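A.B. asks: Just dropping this structure here.
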Amino acid sequence: MRAARLIKMVLLLQARPSITGAELARELEVSERTVTRDAAALSEAGIPVYADRGRAGGYRLIGGYRTRLTGLGRTEAEALFLSGVPSALREMGLADAASAARLKVSAALLPELRDASHTVAQRFHLDAPGWWREPETPELLPSIADAVWDDLRITVRYRRRDAEVRRELEPYGLVLKAGVWYLAARAEGGFRVYRVDRFAAVEPSGARFTRAEDFELPAFWEERADQFARSILREQAVVRLTPAGARWLPHVTDRAAAEEAVRAAGEPDGQGRITVTLPVESYEVALAQLLGLGPEAEVLGPPELRELFADAARRTARLYE
(Lines give C-alpha, C1' and ligand atoms only; values in the text may rest on other atoms or scores of the structure.)
Protein backbone atom coordinates (compact mmCIF):
# COMPACT_ATOMS: atom_id res chain seq x y z
CA MET A 1 0.00 0.00 0.00
CA ARG A 2 2.74 2.45 0.93
CA ALA A 3 4.84 1.49 -2.10
CA ALA A 4 1.93 2.33 -4.42
CA ARG A 5 1.45 5.63 -2.62
CA LEU A 6 5.13 6.53 -2.96
CA ILE A 7 5.03 5.78 -6.70
CA LYS A 8 1.94 7.97 -7.08
CA MET A 9 3.66 10.75 -5.14
CA VAL A 10 6.68 10.67 -7.47
CA LEU A 11 4.39 10.77 -10.52
CA LEU A 12 2.48 13.74 -9.08
CA LEU A 13 5.74 15.60 -8.42
CA GLN A 14 6.91 14.72 -11.91
CA ALA A 15 3.74 16.15 -13.46
CA ARG A 16 3.90 19.54 -11.73
CA PRO A 17 6.72 22.04 -11.12
CA SER A 18 5.72 22.35 -7.47
CA ILE A 19 2.90 21.04 -5.30
CA THR A 20 2.01 21.90 -1.72
CA GLY A 21 1.85 19.44 1.12
CA ALA A 22 -1.90 20.02 1.45
CA GLU A 23 -2.43 19.25 -2.25
CA LEU A 24 -0.36 16.08 -2.00
CA ALA A 25 -2.26 15.02 1.10
CA ARG A 26 -5.57 15.50 -0.72
CA GLU A 27 -4.41 13.61 -3.83
CA LEU A 28 -2.95 10.74 -1.81
CA GLU A 29 -5.77 10.73 0.78
CA VAL A 30 -3.37 10.91 3.73
CA SER A 31 -2.38 13.51 6.31
CA GLU A 32 0.24 16.21 5.68
CA ARG A 33 2.39 14.55 8.34
CA THR A 34 2.35 11.34 6.28
CA VAL A 35 3.35 13.37 3.19
CA THR A 36 6.36 14.71 5.12
CA ARG A 37 7.40 11.18 6.13
CA ASP A 38 6.93 9.87 2.58
CA ALA A 39 9.01 12.72 1.13
CA ALA A 40 11.82 11.88 3.58
CA ALA A 41 11.61 8.19 2.61
CA LEU A 42 11.87 9.04 -1.10
CA SER A 43 14.86 11.29 -0.44
CA GLU A 44 16.61 8.51 1.49
CA ALA A 45 15.96 6.17 -1.47
CA GLY A 46 17.84 8.54 -3.79
CA ILE A 47 14.89 10.35 -5.38
CA PRO A 48 15.69 14.10 -5.25
CA VAL A 49 12.60 15.47 -3.50
CA TYR A 50 13.12 19.00 -2.23
CA ALA A 51 10.85 20.86 0.20
CA ASP A 52 10.48 24.65 -0.03
CA ARG A 53 9.49 26.18 3.29
CA GLY A 54 7.14 29.09 3.87
CA ARG A 55 3.65 30.12 2.76
CA ALA A 56 4.45 29.72 -0.95
CA GLY A 57 6.44 26.57 -0.38
CA GLY A 58 5.84 23.03 -1.50
CA TYR A 59 7.52 19.89 -2.78
CA ARG A 60 9.33 19.50 -6.07
CA LEU A 61 11.79 17.26 -7.88
CA ILE A 62 15.19 18.76 -8.66
CA GLY A 63 17.73 18.01 -11.37
CA GLY A 64 15.15 17.14 -14.06
CA TYR A 65 14.51 13.77 -12.41
CA ARG A 66 12.20 11.45 -14.35
CA THR A 67 11.07 7.96 -13.42
CA ARG A 68 10.48 5.12 -15.89
CA LEU A 69 7.20 3.20 -16.05
CA THR A 70 8.66 0.03 -14.55
CA GLY A 71 6.33 0.45 -11.56
CA LEU A 72 3.29 -0.60 -13.59
CA GLY A 73 1.66 -3.88 -12.71
CA ARG A 74 -0.01 -6.16 -15.26
CA THR A 75 -3.54 -4.95 -14.51
CA GLU A 76 -2.44 -1.31 -14.74
CA ALA A 77 -0.60 -1.90 -18.02
CA GLU A 78 -3.60 -3.69 -19.57
CA ALA A 79 -5.95 -0.91 -18.43
CA LEU A 80 -3.65 1.63 -20.09
CA PHE A 81 -3.88 -0.11 -23.46
CA LEU A 82 -7.64 -0.54 -23.04
CA SER A 83 -8.20 3.20 -22.58
CA GLY A 84 -8.00 4.16 -26.27
CA VAL A 85 -10.72 4.16 -28.92
CA PRO A 86 -8.88 3.17 -32.14
CA SER A 87 -11.62 4.27 -34.53
CA ALA A 88 -11.90 7.68 -32.86
CA LEU A 89 -8.14 8.21 -32.96
CA ARG A 90 -8.06 7.25 -36.62
CA GLU A 91 -10.88 9.66 -37.53
CA MET A 92 -9.15 12.55 -35.72
CA GLY A 93 -5.91 11.87 -37.58
CA LEU A 94 -4.11 10.66 -34.45
CA ALA A 95 -3.62 6.97 -35.28
CA ASP A 96 0.12 7.33 -35.98
CA ALA A 97 0.72 9.36 -32.83
CA ALA A 98 -1.21 6.83 -30.73
CA SER A 99 0.74 3.94 -32.26
CA ALA A 100 4.05 5.65 -31.47
CA ALA A 101 2.92 6.32 -27.91
CA ARG A 102 1.95 2.68 -27.40
CA LEU A 103 5.35 1.55 -28.69
CA LYS A 104 7.13 3.90 -26.29
CA VAL A 105 5.05 2.70 -23.35
CA SER A 106 5.69 -0.92 -24.33
CA ALA A 107 9.43 -0.27 -24.51
CA ALA A 108 9.39 1.19 -21.01
CA LEU A 109 7.54 -1.75 -19.46
CA LEU A 110 9.19 -4.70 -17.81
CA PRO A 111 9.75 -7.59 -20.27
CA GLU A 112 7.07 -9.76 -18.66
CA LEU A 113 4.46 -7.01 -19.20
CA ARG A 114 5.14 -6.20 -22.84
CA ASP A 115 2.41 -8.53 -24.09
CA ALA A 116 -0.23 -6.41 -22.30
CA SER A 117 -1.39 -4.70 -25.50
CA HIS A 118 -1.86 -8.08 -27.20
CA THR A 119 -3.75 -9.68 -24.31
CA VAL A 120 -6.15 -6.72 -24.08
CA ALA A 121 -6.76 -6.60 -27.86
CA GLN A 122 -7.69 -10.29 -27.77
CA ARG A 123 -10.30 -9.72 -25.05
CA PHE A 124 -11.88 -6.26 -25.45
CA HIS A 125 -12.94 -4.12 -28.39
CA LEU A 126 -15.01 -0.94 -28.37
CA ASP A 127 -17.25 -0.44 -31.41
CA ALA A 128 -18.67 3.06 -30.91
CA PRO A 129 -21.18 3.45 -33.81
CA GLY A 130 -24.73 2.17 -33.46
CA TRP A 131 -26.20 -0.76 -35.38
CA TRP A 132 -27.69 -0.52 -38.87
CA ARG A 133 -25.80 2.58 -39.92
CA GLU A 134 -22.55 3.04 -41.77
CA PRO A 135 -20.45 5.58 -39.83
CA GLU A 136 -19.15 8.52 -41.86
CA THR A 137 -16.08 10.47 -40.79
CA PRO A 138 -16.78 14.23 -41.07
CA GLU A 139 -14.31 15.73 -43.52
CA LEU A 140 -13.44 18.64 -41.22
CA LEU A 141 -12.95 16.54 -38.07
CA PRO A 142 -9.09 16.47 -38.18
CA SER A 143 -8.95 20.27 -38.54
CA ILE A 144 -11.30 20.71 -35.58
CA ALA A 145 -9.32 18.19 -33.52
CA ASP A 146 -6.11 20.15 -34.20
CA ALA A 147 -7.79 23.34 -32.98
CA VAL A 148 -9.06 21.55 -29.85
CA TRP A 149 -5.58 20.25 -29.03
CA ASP A 150 -3.91 23.64 -29.55
CA ASP A 151 -6.67 25.82 -27.99
CA LEU A 152 -7.03 27.77 -31.25
CA ARG A 153 -10.02 29.95 -32.03
CA ILE A 154 -11.82 28.97 -35.22
CA THR A 155 -14.15 30.70 -37.65
CA VAL A 156 -16.81 28.33 -38.94
CA ARG A 157 -19.78 28.12 -41.26
CA TYR A 158 -22.45 25.93 -39.67
CA ARG A 159 -25.50 24.48 -41.40
CA ARG A 160 -28.73 24.88 -39.48
CA ARG A 161 -32.15 23.68 -40.57
CA ASP A 162 -33.10 26.93 -42.25
CA ALA A 163 -29.79 28.61 -43.08
CA GLU A 164 -26.01 28.58 -42.91
CA VAL A 165 -24.52 30.78 -40.18
CA ARG A 166 -21.04 32.08 -39.45
CA ARG A 167 -19.62 31.74 -35.95
CA GLU A 168 -16.45 32.52 -34.00
CA LEU A 169 -15.82 29.58 -31.65
CA GLU A 170 -13.44 28.50 -28.91
CA PRO A 171 -13.33 24.70 -29.39
CA TYR A 172 -13.11 23.02 -25.98
CA GLY A 173 -13.65 19.32 -26.69
CA LEU A 174 -14.92 16.59 -28.98
CA VAL A 175 -17.43 13.89 -28.05
CA LEU A 176 -18.20 10.71 -30.02
CA LYS A 177 -21.77 9.62 -29.29
CA ALA A 178 -23.20 6.54 -31.05
CA GLY A 179 -21.01 7.14 -34.10
CA VAL A 180 -21.76 10.88 -34.33
CA TRP A 181 -19.12 13.52 -33.50
CA TYR A 182 -20.05 16.63 -31.51
CA LEU A 183 -18.00 19.73 -30.65
CA ALA A 184 -18.36 21.48 -27.30
CA ALA A 185 -17.37 25.10 -27.89
CA ARG A 186 -17.72 28.53 -26.32
CA ALA A 187 -19.36 31.20 -28.46
CA GLU A 188 -21.11 34.46 -27.71
CA GLY A 189 -23.66 33.66 -25.07
CA GLY A 190 -21.84 30.73 -23.52
CA PHE A 191 -21.10 27.08 -24.24
CA ARG A 192 -22.92 25.22 -26.98
CA VAL A 193 -22.84 21.82 -28.71
CA TYR A 194 -22.41 21.51 -32.48
CA ARG A 195 -22.65 18.45 -34.74
CA VAL A 196 -19.33 18.17 -36.55
CA ASP A 197 -20.92 16.86 -39.77
CA ARG A 198 -22.87 20.13 -40.09
CA PHE A 199 -19.76 22.30 -40.38
CA ALA A 200 -19.42 23.57 -43.94
CA ALA A 201 -16.06 25.29 -43.33
CA VAL A 202 -13.54 25.61 -40.50
CA GLU A 203 -10.73 28.14 -40.47
CA PRO A 204 -8.29 28.51 -37.53
CA SER A 205 -7.77 32.16 -36.65
CA GLY A 206 -4.22 31.60 -35.37
CA ALA A 207 -5.13 33.14 -32.00
CA ARG A 208 -5.18 31.02 -28.87
CA PHE A 209 -7.83 31.23 -26.17
CA THR A 210 -7.58 30.68 -22.43
CA ARG A 211 -9.66 27.78 -21.19
CA ALA A 212 -12.08 28.24 -18.32
CA GLU A 213 -10.45 26.45 -15.38
CA ASP A 214 -13.74 25.01 -14.13
CA PHE A 215 -14.77 23.44 -17.47
CA GLU A 216 -15.01 19.64 -17.32
CA LEU A 217 -15.98 18.02 -20.62
CA PRO A 218 -17.58 14.80 -19.20
CA ALA A 219 -19.75 16.76 -16.75
CA PHE A 220 -20.70 19.33 -19.41
CA TRP A 221 -21.69 16.62 -21.90
CA GLU A 222 -23.72 14.67 -19.36
CA GLU A 223 -25.70 17.79 -18.45
CA ARG A 224 -26.31 18.90 -22.05
CA ALA A 225 -27.18 15.38 -23.24
CA ASP A 226 -29.81 15.09 -20.49
CA GLN A 227 -31.22 18.53 -21.35
CA PHE A 228 -31.39 17.62 -25.05
CA ALA A 229 -33.10 14.29 -24.41
CA ARG A 230 -35.76 15.97 -22.30
CA SER A 231 -36.21 18.97 -24.61
CA ILE A 232 -37.35 16.85 -27.56
CA LEU A 233 -40.00 14.99 -25.51
CA ARG A 234 -42.67 17.66 -26.04
CA GLU A 235 -45.86 15.55 -25.96
CA GLN A 236 -47.35 12.98 -23.59
CA ALA A 237 -49.04 9.64 -24.16
CA VAL A 238 -51.21 7.79 -21.65
CA VAL A 239 -50.60 4.08 -22.12
CA ARG A 240 -51.93 0.94 -20.39
CA LEU A 241 -49.30 -1.80 -20.30
CA THR A 242 -49.26 -5.50 -19.56
CA PRO A 243 -46.34 -6.72 -17.41
CA ALA A 244 -44.54 -7.69 -20.63
CA GLY A 245 -45.24 -4.26 -22.12
CA ALA A 246 -43.82 -2.55 -19.03
CA ARG A 247 -40.64 -4.63 -19.33
CA TRP A 248 -40.23 -3.85 -23.03
CA LEU A 249 -41.17 -0.16 -22.96
CA PRO A 250 -37.57 1.06 -22.30
CA HIS A 251 -36.42 -0.89 -25.38
CA VAL A 252 -38.70 0.90 -27.85
CA THR A 253 -38.63 4.50 -26.62
CA ASP A 254 -36.44 6.84 -24.57
CA ARG A 255 -35.07 4.59 -21.83
CA ALA A 256 -34.86 7.16 -19.03
CA ALA A 257 -38.33 8.55 -19.73
CA ALA A 258 -39.83 5.05 -19.94
CA GLU A 259 -38.25 3.85 -16.70
CA GLU A 260 -39.35 7.00 -14.89
CA ALA A 261 -42.90 6.61 -16.20
CA VAL A 262 -43.11 2.98 -15.06
CA ARG A 263 -41.80 3.88 -11.59
CA ALA A 264 -44.42 6.63 -11.27
CA ALA A 265 -47.30 4.36 -12.30
CA GLY A 266 -49.95 3.40 -9.78
CA GLU A 267 -50.94 -0.09 -8.68
CA PRO A 268 -51.82 -2.67 -11.40
CA ASP A 269 -55.51 -3.07 -12.26
CA GLY A 270 -57.48 -6.31 -12.02
CA GLN A 271 -55.79 -7.58 -15.21
CA GLY A 272 -52.30 -6.83 -13.93
CA ARG A 273 -51.89 -3.81 -16.21
CA ILE A 274 -50.43 -0.45 -15.22
CA THR A 275 -51.21 2.97 -16.70
CA VAL A 276 -48.27 5.27 -17.41
CA THR A 277 -47.93 8.83 -18.65
CA LEU A 278 -45.05 8.71 -21.11
CA PRO A 279 -43.23 11.76 -22.55
CA VAL A 280 -42.82 11.36 -26.33
CA GLU A 281 -41.21 13.39 -29.10
CA SER A 282 -44.38 13.59 -31.21
CA TYR A 283 -47.51 11.57 -31.88
CA GLU A 284 -46.02 10.24 -35.12
CA VAL A 285 -42.86 9.09 -33.32
CA ALA A 286 -44.96 7.57 -30.51
CA LEU A 287 -46.96 5.63 -33.10
CA ALA A 288 -43.82 4.21 -34.68
CA GLN A 289 -42.29 3.28 -31.33
CA LEU A 290 -45.26 1.90 -29.41
CA LEU A 291 -46.59 -0.18 -32.29
CA GLY A 292 -43.61 -2.42 -31.59
CA LEU A 293 -45.26 -3.49 -28.34
CA GLY A 294 -48.31 -4.85 -30.20
CA PRO A 295 -51.13 -6.01 -27.90
CA GLU A 296 -48.94 -5.47 -24.81
CA ALA A 297 -49.77 -1.72 -24.93
CA GLU A 298 -53.06 0.17 -25.29
CA VAL A 299 -52.91 3.92 -25.91
CA LEU A 300 -55.65 5.64 -23.89
CA GLY A 301 -54.93 9.24 -24.86
CA PRO A 302 -54.77 11.92 -26.01
CA PRO A 303 -57.72 11.18 -28.34
CA GLU A 304 -55.81 12.12 -31.52
CA LEU A 305 -53.00 9.71 -30.64
CA ARG A 306 -55.45 6.92 -29.80
CA GLU A 307 -57.13 7.47 -33.17
CA LEU A 308 -53.77 7.10 -34.93
CA PHE A 309 -53.35 3.69 -33.25
CA ALA A 310 -56.94 2.67 -34.00
CA ASP A 311 -56.46 3.54 -37.67
CA ALA A 312 -53.16 1.61 -37.78
CA ALA A 313 -54.87 -1.38 -36.14
CA ARG A 314 -57.76 -1.32 -38.67
CA ARG A 315 -55.40 -1.14 -41.65
CA THR A 316 -53.23 -3.93 -40.19
CA ALA A 317 -56.28 -6.15 -39.62
CA ARG A 318 -57.38 -5.65 -43.23
CA LEU A 319 -53.96 -6.90 -44.40
CA TYR A 320 -54.50 -10.20 -42.59
CA GLU A 321 -58.20 -10.80 -43.33
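Letters A, B, ... mark the chains of the C-alpha coordinates in the order given; residue numbers begin at 1 per chain; ligand numbers begin at 1, in order shown.
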Neighbouring residues of A:Gly58 were defined as those with any atom within 9 Å, considering only C-alpha atoms; residues of the same chain fewer than 6 positions away were excluded. Please report them as a list in words.
C.D. replies: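 Using only C-alpha atoms, the neighbours found are Ser18, Ile19, Thr20, Gly21, Ala22, Tyr50, Ala51 and Asp52 of chain A.
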A.B. asks: Neighbours of A:Glu298 within 10 Å (only C-alpha atoms; same-chain residues fewer than 4 positions away dropped), as a VMD selection string?
C.D. replies: chain A and resid 238 to 242 245 273 275 290 to 291 293 to 294 306 309 to 310
A.B. asks: List as a PyMOL selection string the protein and nucleic acid residues near A:Asp254, meaning an atom at most 9 Å away when only C-alpha atoms are counted, but skip any in the same chain fewer than 3 places from it.
C.D. replies: chain A and resi 229+233+249-251+257-259+279-280
A.B. asks: Just want the 10 Å neighbourhood of A:Val175, counted on only C-alpha atoms, with same-chain residues fewer than 3 positions away dropped. Output as a PyMOL selection string.
C.D. replies: chain A and resi 88+178-184+193+195-196+217-218+221
A.B. asks: Store the residues picked out above in a file with N, CA and C atoms, as an mmCIF file, in the first residue's frame.
C.D. replies:
data_model
loop_
_atom_site.group_PDB
_atom_site.id
_atom_site.type_symbol
_atom_site.label_atom_id
_atom_site.label_comp_id
_atom_site.auth_asym_id
_atom_site.auth_seq_id
_atom_site.Cartn_x
_atom_site.Cartn_y
_atom_site.Cartn_z
ATOM 1 N N ALA A 88 -11.849 6.242 -33.111
ATOM 2 C CA ALA A 88 -11.899 7.683 -32.858
ATOM 3 C C ALA A 88 -10.552 8.328 -33.129
ATOM 4 N N ALA A 178 -22.493 7.457 -30.140
ATOM 5 C CA ALA A 178 -23.199 6.540 -31.050
ATOM 6 C C ALA A 178 -22.808 6.765 -32.499
ATOM 7 N N GLY A 179 -21.503 6.986 -32.750
ATOM 8 C CA GLY A 179 -21.011 7.138 -34.097
ATOM 9 C C GLY A 179 -21.101 8.547 -34.652
ATOM 10 N N VAL A 180 -21.620 9.502 -33.879
ATOM 11 C CA VAL A 180 -21.759 10.883 -34.326
ATOM 12 C C VAL A 180 -20.832 11.767 -33.486
ATOM 13 N N TRP A 181 -20.055 12.621 -34.171
ATOM 14 C CA TRP A 181 -19.125 13.520 -33.497
ATOM 15 C C TRP A 181 -19.803 14.851 -33.168
ATOM 16 N N TYR A 182 -19.541 15.340 -31.948
ATOM 17 C CA TYR A 182 -20.049 16.632 -31.506
ATOM 18 C C TYR A 182 -18.888 17.477 -30.979
ATOM 19 N N LEU A 183 -18.994 18.796 -31.170
ATOM 20 C CA LEU A 183 -18.003 19.731 -30.651
ATOM 21 C C LEU A 183 -18.631 20.565 -29.549
ATOM 22 N N ALA A 184 -17.982 20.575 -28.385
ATOM 23 C CA ALA A 184 -18.356 21.482 -27.304
ATOM 24 C C ALA A 184 -17.491 22.725 -27.446
ATOM 25 N N VAL A 193 -23.237 23.091 -28.093
ATOM 26 C CA VAL A 193 -22.843 21.824 -28.710
ATOM 27 C C VAL A 193 -23.184 21.883 -30.186
ATOM 28 N N ARG A 195 -22.947 19.691 -34.021
ATOM 29 C CA ARG A 195 -22.651 18.452 -34.745
ATOM 30 C C ARG A 195 -21.546 18.720 -35.745
ATOM 31 N N VAL A 196 -20.490 17.920 -35.694
ATOM 32 C CA VAL A 196 -19.334 18.168 -36.553
ATOM 33 C C VAL A 196 -19.688 17.999 -38.025
ATOM 34 N N LEU A 217 -15.240 18.510 -19.469
ATOM 35 C CA LEU A 217 -15.980 18.017 -20.623
ATOM 36 C C LEU A 217 -16.973 16.909 -20.276
ATOM 37 N N PRO A 218 -16.594 15.861 -19.503
ATOM 38 C CA PRO A 218 -17.582 14.805 -19.205
ATOM 39 C C PRO A 218 -18.819 15.334 -18.487
ATOM 40 N N TRP A 221 -20.954 17.449 -20.932
ATOM 41 C CA TRP A 221 -21.685 16.622 -21.898
ATOM 42 C C TRP A 221 -22.856 15.904 -21.242
#
A.B. asks: Write out as a count of residues only all residues of stretch 129-214 of chain A that backbone DSSP assigns to alpha helix (DSSP H).
C.D. replies: 10
A.B. asks: Could you write out, as a ChimeraX atom specification, all the residues of stretch 255-286 of chain A that DSSP marks as strand (DSSP E or B)?
C.D. replies: /A:274-280
A.B. asks: Pick out the residues sitting within 12 Å of A:Arg37, and hand them over as number ranges by chain; count only C-alpha atoms, and ignore anything fewer than 4 positions along from it in its own chain.
C.D. replies: A: 2, 5-6, 9, 21, 25, 30-33, 41-44, 49, 51
A.B. asks: Counting only C-alpha atoms, which residue out of A:Ile62, A:Ala45, A:Val165, A:Leu24 sits closest to A:Phe199?
C.D. replies: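 For A:Phe199, the nearest of the given residues is A:Val165.
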A.B. asks: Kindly indicate which residue among A:Leu287, A:Ile144, A:Val156, A:Ala3 lies nearest to A:Ala187, using only C-alpha atoms for the distances.
C.D. replies: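 Selected residue with least distance to A:Ala187: A:Val156.
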A.B. asks: What's the 12 Å shell around A:Ala288, counting only C-alpha atoms, without same-chain residues fewer than 6 positions away, as a list in words?
C.D. replies: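 In the requested format, the answer is Val252, Thr253, Val280, Glu281, Ser282, Gly294, Leu305, Leu308, Phe309 and Ala312 of chain A.
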A.B. asks: Could you list, as a list of chain:residue names, every residue within 10 Å of A:Val10, counting only C-alpha atoms and ignoring same-chain residues fewer than 4 positions away?
C.D. replies: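 After dropping sequence-adjacent residues, the list is A:Arg5, A:Leu6, A:Gln14, A:Ala15, A:Ala39, A:Leu42, A:Ile47, A:Pro48, A:Val49, A:Arg60, A:Leu61, A:Tyr65, A:Arg66, A:Thr67.
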A.B. asks: Here is a test: counting only C-alpha atoms, which residue of A:Ala147, A:Ala246, A:Ala40, A:Val262 is nearest to A:Ala207?
C.D. replies: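 Comparing A:Ala147, A:Ala246, A:Ala40, A:Val262 against A:Ala207, the winner is A:Ala147.
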A.B. asks: Nearest to A:Val299: which of A:Leu278, A:Ala317, A:Ala145, A:Ala237 is it, counting only C-alpha atoms?
C.D. replies: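 That would be A:Ala237, the residue with the smallest distance to A:Val299.
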A.B. asks: Quick one: distance from atom CA of A:Leu152 to atom CA of A:Leu89 in Å, one decimal?
C.D. replies: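 That distance, rounded to one decimal, is 19.7 Å.
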